[in-house]
Amino acid sequence: VLNDDDALDLFKKTLPGAGSSFLQLKVTASSQKSAALQLIRRAAHGRRSPGLDLLALALQGKTAGFEKVLAMIDEMVVNLKKEQEADDEKKAYCEAEFDKAEDKMKELELSLKDSNTAIDKMTGDIE
């Protein structure tokens with residue numbers, strides 16, 4: 001039997017330290033669902049987003065699988081891209097209409113100035 005301090009030191013060296021221990025983690029579908037639900041709730045915090053609400057509802061449900069939720073996310077991304085394209089087109093149209101309106105306003109202001117000048121000239125000629 002070893003009773004010496006050297007034996008105790010040797011024994012301590014053979015034990016794994018806190019930094020070298022191994023722990024196998026098992027990731028389950030339910031833990032992934034709960035992590036995704038927390039992420040969606042944080043993203044939706046303070047906003048009214050029907051899409052995020054729908055995703056959270058689907059994740060809370062017990063019948064729908066995670067694959068269905070991923071498909072819903074993909075569909076939402078496609079819809080958001082379409083909406084962004086429509087918004088970009090509408091913005092370009094509105095900017096063009098503003099430019100046309102400004103040009104028309106400048107044209108009318110110039111015409112009004114010319115008319116006032118003509119009126120002043122005629123009024124001067126009459127007097």
# chains A, B, ... in the order shown; residues from 1 in each chain; ligands from 1
$ select_by_dssp --residues "stretch 23-121 of chain A" --states "helix (DSSP H, G or I)" --output "ChimeraX atom specification"
/A:29-44,50-60,66-121
$ closest_residue --among "A:Arg42, A:Lys90, A:Arg47, A:Lys33" --to "A:Glu67" --atoms "only C-alpha atoms"
A:Lys33
$ closest_residue --among "A:Glu89, A:Lys113, A:Val27, A:Leu55" --to "A:Asp74" --atoms "only C-alpha atoms"
A:Leu55
$ residues_around --residues "A:Ile73" --least-positions-apart "2" --cutoff "12 Å" --atoms "only C-alpha atoms" --output "list in words"
Ala36, Ile40, Gly51, Leu52, Asp53, Leu54, Leu55, Ala56, Ala58, Leu59, Phe66, Glu67, Lys68, Val69, Leu70, Ala71, Glu75, Met76, Val77, Val78, Asn79 and Leu80 of chain A
$ atom_distance --atom1 "atom CA of A:Glu109" --atom2 "atom CA of A:Glu97"
18.2 Å
